[in-house]
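Q: Contents of run_39.cif (mmCIF, C-alpha atoms and all ligand atoms) are below:
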data_start
#
loop_
_atom_site.label_atom_id
_atom_site.label_comp_id
_atom_site.auth_asym_id
_atom_site.auth_seq_id
_atom_site.Cartn_x
_atom_site.Cartn_y
_atom_site.Cartn_z
CA MET A 651 22.80 165.95 95.04
CA LYS A 652 19.44 167.60 95.25
CA PRO A 653 16.45 165.39 94.40
CA ASP A 654 14.69 165.82 91.04
CA GLN A 655 11.41 165.36 92.87
CA PRO A 656 11.54 167.03 96.30
CA ALA A 657 9.59 165.26 99.06
CA PHE A 658 8.32 168.56 100.46
CA ALA A 659 6.20 171.20 98.72
CA PRO A 660 7.71 174.70 98.53
CA PRO A 661 6.27 177.26 100.97
CA ALA A 662 4.20 180.18 99.65
CA ASP A 663 7.16 182.56 99.91
CA ALA A 664 9.68 180.18 98.31
CA ASP A 665 10.62 182.58 95.51
CA ALA A 666 11.09 185.48 97.94
CA ARG A 667 13.39 183.33 100.05
CA ARG A 668 15.41 182.38 96.98
CA ARG A 669 15.74 186.02 95.91
CA LYS A 670 17.68 187.04 99.04
CA PRO A 671 20.98 188.64 98.07
CA ALA A 672 24.13 186.55 98.04
CA VAL A 673 26.63 187.86 100.58
CA ILE A 674 30.34 187.05 100.39
CA CYS A 675 31.05 184.90 103.46
CA TYR A 676 34.57 186.14 104.07
CA PRO A 677 35.23 189.53 102.47
CA THR A 678 38.99 189.97 102.24
CA THR A 679 38.95 193.77 102.19
CA SER A 680 40.40 193.86 105.72
CA LEU A 681 43.24 191.49 104.84
CA ALA A 682 46.64 193.04 104.25
CA HIS A 683 47.20 192.44 100.56
CA PRO A 684 50.57 191.13 99.50
CA ASN A 685 52.91 193.77 98.11
CA LEU A 686 53.83 192.16 94.81
CA ASP A 687 56.32 194.95 93.97
CA VAL A 688 58.30 194.21 97.13
CA MET A 689 58.14 190.51 96.30
CA GLN A 690 59.35 191.19 92.78
CA ALA A 691 62.37 193.07 94.20
CA ARG A 692 63.16 190.02 96.35
CA ARG A 693 62.72 187.79 93.31
CA ASP A 694 65.04 189.98 91.21
CA ALA A 695 67.73 189.53 93.89
CA ALA A 696 67.24 185.76 94.12
CA THR A 697 69.46 183.16 92.53
CA HIS A 698 68.64 179.65 91.46
CA ARG A 699 69.50 177.16 94.22
CA ASP A 700 67.93 173.86 93.36
CA THR A 701 65.98 171.90 90.78
CA CYS A 702 63.72 169.04 91.86
CA ILE A 703 62.38 166.81 89.10
CA VAL A 704 59.05 165.17 89.90
CA PRO A 705 58.76 162.03 87.76
CA ALA A 706 55.46 161.16 86.11
CA ARG A 707 53.07 159.28 88.45
CA ASP A 708 55.34 160.03 91.40
CA ALA A 709 56.00 162.81 93.93
CA ARG A 710 58.94 164.58 95.51
CA CYS A 711 59.45 166.91 98.47
CA THR A 712 61.87 169.81 98.67
CA THR A 713 62.59 172.52 101.24
CA VAL A 714 62.06 176.23 100.58
CA PRO A 715 63.24 178.82 103.15
CA ALA A 716 60.96 181.72 104.07
CA GLY A 717 61.37 184.64 101.68
CA SER A 718 62.53 182.36 98.88
CA PHE A 719 60.61 181.42 95.76
CA PHE A 720 59.58 178.14 94.21
CA ARG A 721 58.45 177.74 90.64
CA ILE A 722 56.45 174.74 89.42
CA THR A 723 57.01 174.27 85.70
CA CYS A 724 55.39 171.96 83.20
CA PRO A 725 58.51 171.19 81.13
CA ASP A 726 57.16 168.68 78.66
CA GLY A 727 53.59 167.58 77.86
CA SER A 728 50.43 168.84 79.54
CA GLN A 729 50.49 167.67 83.16
CA VAL A 730 48.62 168.40 86.38
CA GLY A 731 50.28 168.55 89.80
CA ASP A 732 48.91 168.04 93.32
CA LEU A 733 50.61 170.38 95.80
CA ASN A 734 51.03 169.91 99.57
CA LEU A 735 52.77 172.39 101.90
CA TRP A 736 54.04 171.79 105.43
CA ALA A 737 55.77 174.11 107.90
CA ALA A 738 59.35 172.85 107.92
CA ASP A 739 59.48 172.81 111.74
CA ASP A 740 56.05 171.23 112.33
CA LEU A 741 54.28 168.90 109.90
CA ASN A 742 51.03 169.45 111.82
CA GLU A 743 50.90 172.94 110.34
CA HIS A 744 49.92 172.24 106.76
CA PHE A 745 48.05 173.84 103.90
CA TYR A 746 44.30 174.34 104.50
CA SER A 747 42.66 174.22 101.09
CA GLY A 748 39.11 174.68 102.44
CA LYS A 749 39.87 177.94 104.24
CA THR A 750 41.96 179.14 101.30
CA ARG A 751 38.91 178.50 99.09
CA ALA A 752 36.63 180.35 101.54
CA LEU A 753 38.93 183.37 101.45
CA HIS A 754 40.08 183.52 97.82
CA GLY A 755 37.52 181.50 95.82
CA THR A 756 37.57 178.15 94.08
CA HIS A 757 40.55 178.81 91.78
CA LEU A 758 43.72 180.71 92.64
CA SER A 759 46.09 183.00 90.76
CA THR A 760 48.61 185.79 91.30
CA GLY A 761 48.25 187.60 94.64
CA ASP A 762 46.32 184.80 96.35
CA ARG A 763 47.78 183.20 99.46
CA LEU A 764 47.87 179.60 100.60
CA TRP A 765 46.80 179.46 104.27
CA SER A 766 47.73 176.98 106.96
CA ARG A 767 45.31 175.04 109.16
CA PHE A 768 44.20 176.05 112.65
CA PRO A 769 45.48 177.18 115.04
CA LYS A 770 48.29 179.01 113.27
CA MET A 771 46.21 179.88 110.21
CA ARG A 772 48.73 182.12 108.47
CA PRO A 773 49.93 182.56 104.90
CA MET A 774 52.31 179.75 103.96
CA ALA A 775 52.96 181.02 100.44
CA THR A 776 51.83 183.75 98.06
CA ILE A 777 51.37 183.21 94.32
CA THR A 778 53.60 185.72 92.56
CA GLU A 779 53.34 184.64 88.90
CA ASP A 780 50.96 182.46 86.88
CA THR A 781 51.40 182.04 83.13
CA LEU A 782 47.86 180.61 82.90
CA ASP A 783 46.20 183.71 84.38
CA TRP A 784 44.89 184.50 80.87
CA TYR A 785 42.52 181.51 81.05
CA GLY A 786 39.97 183.18 83.32
CA TRP A 787 36.66 181.28 83.24
CA ASP A 788 35.58 179.11 80.32
CA ALA A 789 32.06 178.51 78.97
CA ASP A 790 31.57 175.57 81.35
CA GLY A 791 32.48 177.69 84.38
CA GLY A 792 35.85 175.97 84.60
CA SER A 793 39.21 177.47 85.50
CA VAL A 794 42.72 176.40 86.54
CA HIS A 795 44.54 175.88 89.88
CA ASP A 796 41.59 174.81 92.04
CA VAL A 797 41.23 174.35 95.76
CA ILE A 798 37.98 172.40 95.44
CA GLY A 799 39.28 168.92 94.63
CA THR A 800 40.92 166.80 97.29
CA ARG A 801 43.61 164.61 95.72
CA CYS A 802 43.22 161.36 93.82
CA ASP A 803 43.57 158.50 96.28
CA PRO A 804 43.37 154.71 96.43
CA TYR A 805 40.52 154.65 98.92
CA THR A 806 37.98 156.32 96.64
CA GLY A 807 39.16 154.13 93.77
CA ARG A 808 38.62 151.06 95.92
CA LEU A 809 35.18 152.31 96.93
CA LEU A 810 33.98 153.10 93.41
CA SER A 811 35.68 150.45 91.28
CA GLY A 812 36.81 147.77 93.73
CA THR A 813 40.40 147.91 92.45
CA ASP A 814 43.66 149.06 94.05
CA TYR A 815 45.85 151.65 92.30
CA HIS A 816 49.05 152.63 94.14
CA TYR A 817 50.22 155.72 92.21
CA CYS A 818 47.45 158.19 93.04
CA CYS A 819 48.62 161.58 94.30
CA HIS A 820 47.75 160.62 97.89
CA SER A 821 50.04 157.60 97.78
CA ASN A 822 52.73 159.45 95.81
CA LEU A 823 52.79 162.25 98.39
CA THR A 824 52.81 159.72 101.25
CA ARG A 825 55.90 157.99 99.81
CA ALA A 826 57.62 161.31 99.07
CA LEU A 827 57.04 162.70 102.58
CA ALA A 828 58.15 159.41 104.16
CA ASP A 829 61.38 159.50 102.16
CA HIS A 830 61.99 163.19 102.86
CA MET A 831 61.38 162.87 106.63
CA GLN A 832 62.85 159.38 107.02
CA MET A 833 59.46 158.19 108.31
CA SER A 834 57.44 155.06 107.74
CA LEU A 835 54.49 155.23 105.35
CA THR A 836 52.17 154.82 108.34
CA GLU A 837 53.75 157.82 110.07
CA ALA A 838 53.74 159.98 106.95
CA GLU A 839 50.23 159.29 105.60
CA PRO A 840 48.23 161.33 108.18
CA PHE A 841 50.20 164.46 107.23
CA VAL A 842 49.11 164.30 103.57
CA HIS A 843 46.25 166.72 103.02
CA ASP A 844 43.93 168.31 100.48
CA VAL A 845 45.82 170.05 97.72
CA LEU A 846 46.15 172.96 95.39
CA ASN A 847 45.48 171.33 92.02
CA VAL A 848 48.24 173.00 90.02
CA PHE A 849 47.43 173.43 86.30
CA MET A 850 44.24 171.35 86.67
CA CYS A 851 41.12 172.70 84.91
CA THR A 852 37.97 172.10 86.94
CA GLY A 853 34.59 173.45 87.89
CA PHE A 854 31.08 172.45 88.85
CA THR A 855 28.50 171.32 86.31
CA ALA A 856 25.65 173.79 85.78
CA ASP A 857 22.87 171.23 86.30
CA THR A 858 23.97 168.92 89.12
CA HIS A 859 26.81 171.08 90.51
CA GLN A 860 29.15 168.07 90.44
CA TYR A 861 32.91 168.53 90.36
CA PHE A 862 34.19 168.21 86.80
CA MET A 863 37.60 168.23 85.16
CA LYS A 864 38.68 168.88 81.59
CA ALA A 865 42.00 168.63 79.76
CA SER A 866 44.39 171.18 81.26
CA PRO A 867 45.33 174.17 79.08
CA VAL A 868 48.92 173.98 80.41
CA ARG A 869 51.65 173.62 77.80
CA ALA A 870 55.39 173.03 77.97
CA GLY A 871 57.05 176.07 79.55
CA ASP A 872 54.06 177.23 81.58
CA TYR A 873 54.68 177.79 85.28
CA ILE A 874 53.24 179.06 88.53
CA GLU A 875 55.56 180.69 91.06
CA PHE A 876 55.18 181.22 94.81
CA MET A 877 57.02 183.09 97.54
CA ALA A 878 57.37 181.12 100.79
CA GLU A 879 55.99 183.10 103.75
CA ILE A 880 57.43 180.61 106.29
CA ASP A 881 60.05 177.86 106.03
CA LEU A 882 58.37 175.18 103.95
CA ILE A 883 58.50 171.60 102.86
CA VAL A 884 56.90 171.54 99.43
CA GLY A 885 55.46 168.24 98.18
CA LEU A 886 54.33 167.83 94.59
CA SER A 887 52.80 164.84 92.82
CA ALA A 888 52.67 164.55 89.02
CA CYS A 889 49.10 163.23 88.90
CA PRO A 890 48.49 159.87 87.19
CA GLY A 891 45.67 161.67 85.39
CA GLY A 892 48.24 163.48 83.19
CA ASP A 893 46.33 166.48 81.79
CA CYS A 894 43.26 165.19 83.71
CA GLY A 895 41.13 165.21 80.56
CA ASP A 896 39.75 161.73 81.21
CA GLU A 897 40.74 159.37 84.02
CA HIS A 898 43.05 159.72 86.99
CA THR A 899 43.10 156.50 89.00
CA SER A 900 44.90 154.22 86.57
CA ASP A 901 47.89 153.97 84.21
CA LYS A 902 45.72 154.85 81.18
CA ALA A 903 46.52 158.57 80.86
CA THR A 904 49.67 159.90 79.19
CA CYS A 905 51.78 161.42 81.97
CA HIS A 906 54.75 163.77 82.11
CA PRO A 907 57.16 165.04 84.76
CA LEU A 908 56.96 168.37 86.57
CA VAL A 909 59.82 170.52 87.88
CA ILE A 910 60.21 172.56 91.08
CA ASP A 911 62.92 175.24 90.91
CA VAL A 912 63.93 177.07 94.09
CA PHE A 913 65.30 180.63 94.05
CA GLU A 914 66.88 182.05 97.20
CA ASN A 915 68.25 185.41 98.26
CA ASP A 916 70.09 186.62 101.36
CA MET A 917 67.80 189.60 102.07
CA SER A 918 66.25 189.66 105.55
CA PHE A 919 62.65 188.46 105.74
CA ALA A 920 59.87 188.71 108.34
CA ARG A 921 58.04 185.38 108.48
CA ALA A 922 54.25 185.37 108.59
CA GLU A 923 53.06 185.49 112.21
CA PRO A 924 50.71 182.80 113.59
CA ASN A 925 47.05 183.79 114.04
CA ALA A 926 46.55 185.91 117.18
CA TYR A 927 43.43 184.09 118.50
CA ASP A 928 44.14 182.92 122.08
CA GLN A 929 42.53 179.47 121.73
CA SER A 930 40.48 179.94 124.92
CA HIS A 931 37.28 178.92 123.03
CA GLY A 932 35.00 180.60 125.57
CA ARG A 933 36.45 178.92 128.67
ZN ZN B 1001 46.11 163.17 91.28
#
Produce structure tokens that represent the structure in this file.
A:
Amino acid sequence: MKPDQPAFAPPADADARRRKPAVICYPTTSLAHPNLDVMQARRDAATHRDTCIVPARDARCTTVPAGSFFRITCPDGSQVGDLNLWAADDLNEHFYSGKTRALHGTHLSTGDRLWSRFPKMRPMATITEDTLDWYGWDADGGSVHDVIGTRCDPYTGRLLSGTDYHYCCHSNLTRALADHMQMSLTEAEPFVHDVLNVFMCTGFTADTHQYFMKASPVRAGDYIEFMAEIDLIVGLSACPGGDCGDEHTSDKATCHPLVIDVFENDMSFARAEPNAYDQSHGR
């Protein structure tokens, strides 16, 4: 955080420096935008293949072939989910929340893509429907589906409170990936990564710019749907924070399950291509 009392006096032209225009770091005008009409046609031709129930305070993984759709539904009470994505053929290629944030902003909705880490850096999934898109921005500057948080984890809990809690999203996703891949927890844990906070309502405070959360506006029946751009393993944790209106590293919050439904079709599909950079890095 910035100090209340800076140690250094502002220079004479401080105000002029502060008045420089803000420039978008990564304008996306040159990006090929997803054709949502084509995706809708694929969705219309898709049939329901699988339902994966994610129990409260736990996580599950499921596979989603490229060109298929997965829908995350809040079926019961208000509940936040922490989403991880891996390429089905290489767990090292996983969702890159920081670059997704740099490209699409702090909170995602329909038409935004979830990008994978370097070096492949390609769309892993595109959001095709979001029943909470009406929320927009609230008076606190908050919104839903952020890519600014990391995931609740036992290490930060240990650091801040000195206690161990084993059902944070990080641990839930570690167990779920280990079970799905028939790996040990030690093998699985390094593949768990920063998330898309599904249904979570977050922002930065106006004064200190600290990350805040508030009770999610999600209600039973709300959903967010994605089209897989490559073959995916989808991991989802039903956060121990429940609606994340208060606390999320304990058993205090009321928690509910989440559901992942997968819809497949037999239409041909061109998978997203890996990034074309040659990785020579100047040598
Ligand atoms: Zn969590």
Q: Can you work out which residues are within 9 Å of ligand ZN 1001 (chain B), considering only C-alpha atoms and all ligand atoms, and then hand them over as a PyMOL selection string?
A: chain A and resi 707+730-732+800-803+817-820+822+847+887-892+894+898-899
Q: Write the residues of the selection above to a file with C-alpha atoms, as an mmCIF file, in the frame of the given file.
A:
data_model
loop_
_atom_site.group_PDB
_atom_site.id
_atom_site.type_symbol
_atom_site.label_atom_id
_atom_site.label_comp_id
_atom_site.auth_asym_id
_atom_site.auth_seq_id
_atom_site.Cartn_x
_atom_site.Cartn_y
_atom_site.Cartn_z
ATOM 1 C CA ARG A 707 53.070 159.280 88.450
ATOM 2 C CA VAL A 730 48.620 168.400 86.380
ATOM 3 C CA GLY A 731 50.280 168.550 89.800
ATOM 4 C CA ASP A 732 48.910 168.040 93.320
ATOM 5 C CA THR A 800 40.920 166.800 97.290
ATOM 6 C CA ARG A 801 43.610 164.610 95.720
ATOM 7 C CA CYS A 802 43.220 161.360 93.820
ATOM 8 C CA ASP A 803 43.570 158.500 96.280
ATOM 9 C CA TYR A 817 50.220 155.720 92.210
ATOM 10 C CA CYS A 818 47.450 158.190 93.040
ATOM 11 C CA CYS A 819 48.620 161.580 94.300
ATOM 12 C CA HIS A 820 47.750 160.620 97.890
ATOM 13 C CA ASN A 822 52.730 159.450 95.810
ATOM 14 C CA ASN A 847 45.480 171.330 92.020
ATOM 15 C CA SER A 887 52.800 164.840 92.820
ATOM 16 C CA ALA A 888 52.670 164.550 89.020
ATOM 17 C CA CYS A 889 49.100 163.230 88.900
ATOM 18 C CA PRO A 890 48.490 159.870 87.190
ATOM 19 C CA GLY A 891 45.670 161.670 85.390
ATOM 20 C CA GLY A 892 48.240 163.480 83.190
ATOM 21 C CA CYS A 894 43.260 165.190 83.710
ATOM 22 C CA HIS A 898 43.050 159.720 86.990
ATOM 23 C CA THR A 899 43.100 156.500 89.000
#
Q: Counting all atoms listed in the file, find the residues whose atoms lie at most 9 Å from (61.2, 189.0, 108.2) (file coordinates) and write them out as an mmCIF file with C-alpha atoms, in the frame of the given file.
A:
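Final output, saved to out-v1.cif:
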data_model
loop_
_atom_site.group_PDB
_atom_site.id
_atom_site.type_symbol
_atom_site.label_atom_id
_atom_site.label_comp_id
_atom_site.auth_asym_id
_atom_site.auth_seq_id
_atom_site.Cartn_x
_atom_site.Cartn_y
_atom_site.Cartn_z
ATOM 1 C CA ALA A 716 60.960 181.720 104.070
ATOM 2 C CA GLY A 717 61.370 184.640 101.680
ATOM 3 C CA SER A 918 66.250 189.660 105.550
ATOM 4 C CA PHE A 919 62.650 188.460 105.740
ATOM 5 C CA ALA A 920 59.870 188.710 108.340
ATOM 6 C CA ARG A 921 58.040 185.380 108.480
ATOM 7 C CA ALA A 922 54.250 185.370 108.590
#
Q: Using only C-alpha atoms, find all polymer residues with an atom at most 6 Å away from the point (40.8, 167.8, 82.7); report them as an NGL selection string.
A: :A and (851 or 863-866 or 893-895)
Q: Show me a table, sorted first by chain and then by increasing residue number, of the residues of segment 785-804 of chain A having an atom at most 12 Å from segment 777-781 of chain A, each with its shortest atom pair and the distance in Å to one decimal, counting only C-alpha atoms and written as a Markdown table.
A:
| residue | atom | partner | partner_atom | distance |
| --- | --- | --- | --- | --- |
| A:Tyr785 | CA | A:Thr781 | CA | 9.1 |
| A:Gly786 | CA | A:Thr781 | CA | 11.5 |
| A:Val794 | CA | A:Asp780 | CA | 10.2 |
| A:His795 | CA | A:Asp780 | CA | 9.7 |
Q: Quick one: pull the distance between atom CA of Glu914 of chain A and atom CA of Gly871 of chain A, Å, one decimal.
A: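 Those two atoms sit 21.1 Å apart.
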Q: Report, in Å with one decimal, the straight-line distance from atom CA of Asn685 of chain A to atom CA of Cys711 of chain A.
A: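 Here the two named atoms are 27.6 Å from each other.
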Q: Would you kindly return, as a CSV table (one decimal) with C-alpha atoms, in the frame of the given file, each protein, DNA or RNA residue with an atom no farther than 10 Å from any atom of Val912 of chain A, considering all atoms listed in the file and excluding same-chain residues fewer than 2 positions away?
A:
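Listed below is the output, result_10.csv:
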chain,number,residue,atom,x,y,z
A,696,ALA,CA,67.2,185.8,94.1
A,697,THR,CA,69.5,183.2,92.5
A,698,HIS,CA,68.6,179.6,91.5
A,699,ARG,CA,69.5,177.2,94.2
A,700,ASP,CA,67.9,173.9,93.4
A,701,THR,CA,66.0,171.9,90.8
A,702,CYS,CA,63.7,169.0,91.9
A,712,THR,CA,61.9,169.8,98.7
A,713,THR,CA,62.6,172.5,101.2
A,714,VAL,CA,62.1,176.2,100.6
A,715,PRO,CA,63.2,178.8,103.2
A,718,SER,CA,62.5,182.4,98.9
A,719,PHE,CA,60.6,181.4,95.8
A,720,PHE,CA,59.6,178.1,94.2
A,721,ARG,CA,58.4,177.7,90.6
A,722,ILE,CA,56.4,174.7,89.4
A,875,GLU,CA,55.6,180.7,91.1
A,876,PHE,CA,55.2,181.2,94.8
A,877,MET,CA,57.0,183.1,97.5
A,909,VAL,CA,59.8,170.5,87.9
A,910,ILE,CA,60.2,172.6,91.1
A,914,GLU,CA,66.9,182.0,97.2
Q: Could you check the closest approach to Trp787 of chain A for each of A:Gly807, A:Gly761, A:Gly853, A:Pro907 and tell me which residue wins, using only C-alpha atoms?
A: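 Among A:Gly807, A:Gly761, A:Gly853, A:Pro907, it is A:Gly853 that comes nearest to Trp787 of chain A.
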Q: Go ahead and compute the interatomic distance for atom CA of Arg710 of chain A and atom CA of Asn734 of chain A, in Å to one decimal.
A: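 About the pair atom CA of Arg710 of chain A and atom CA of Asn734 of chain A: they are 10.4 Å apart.
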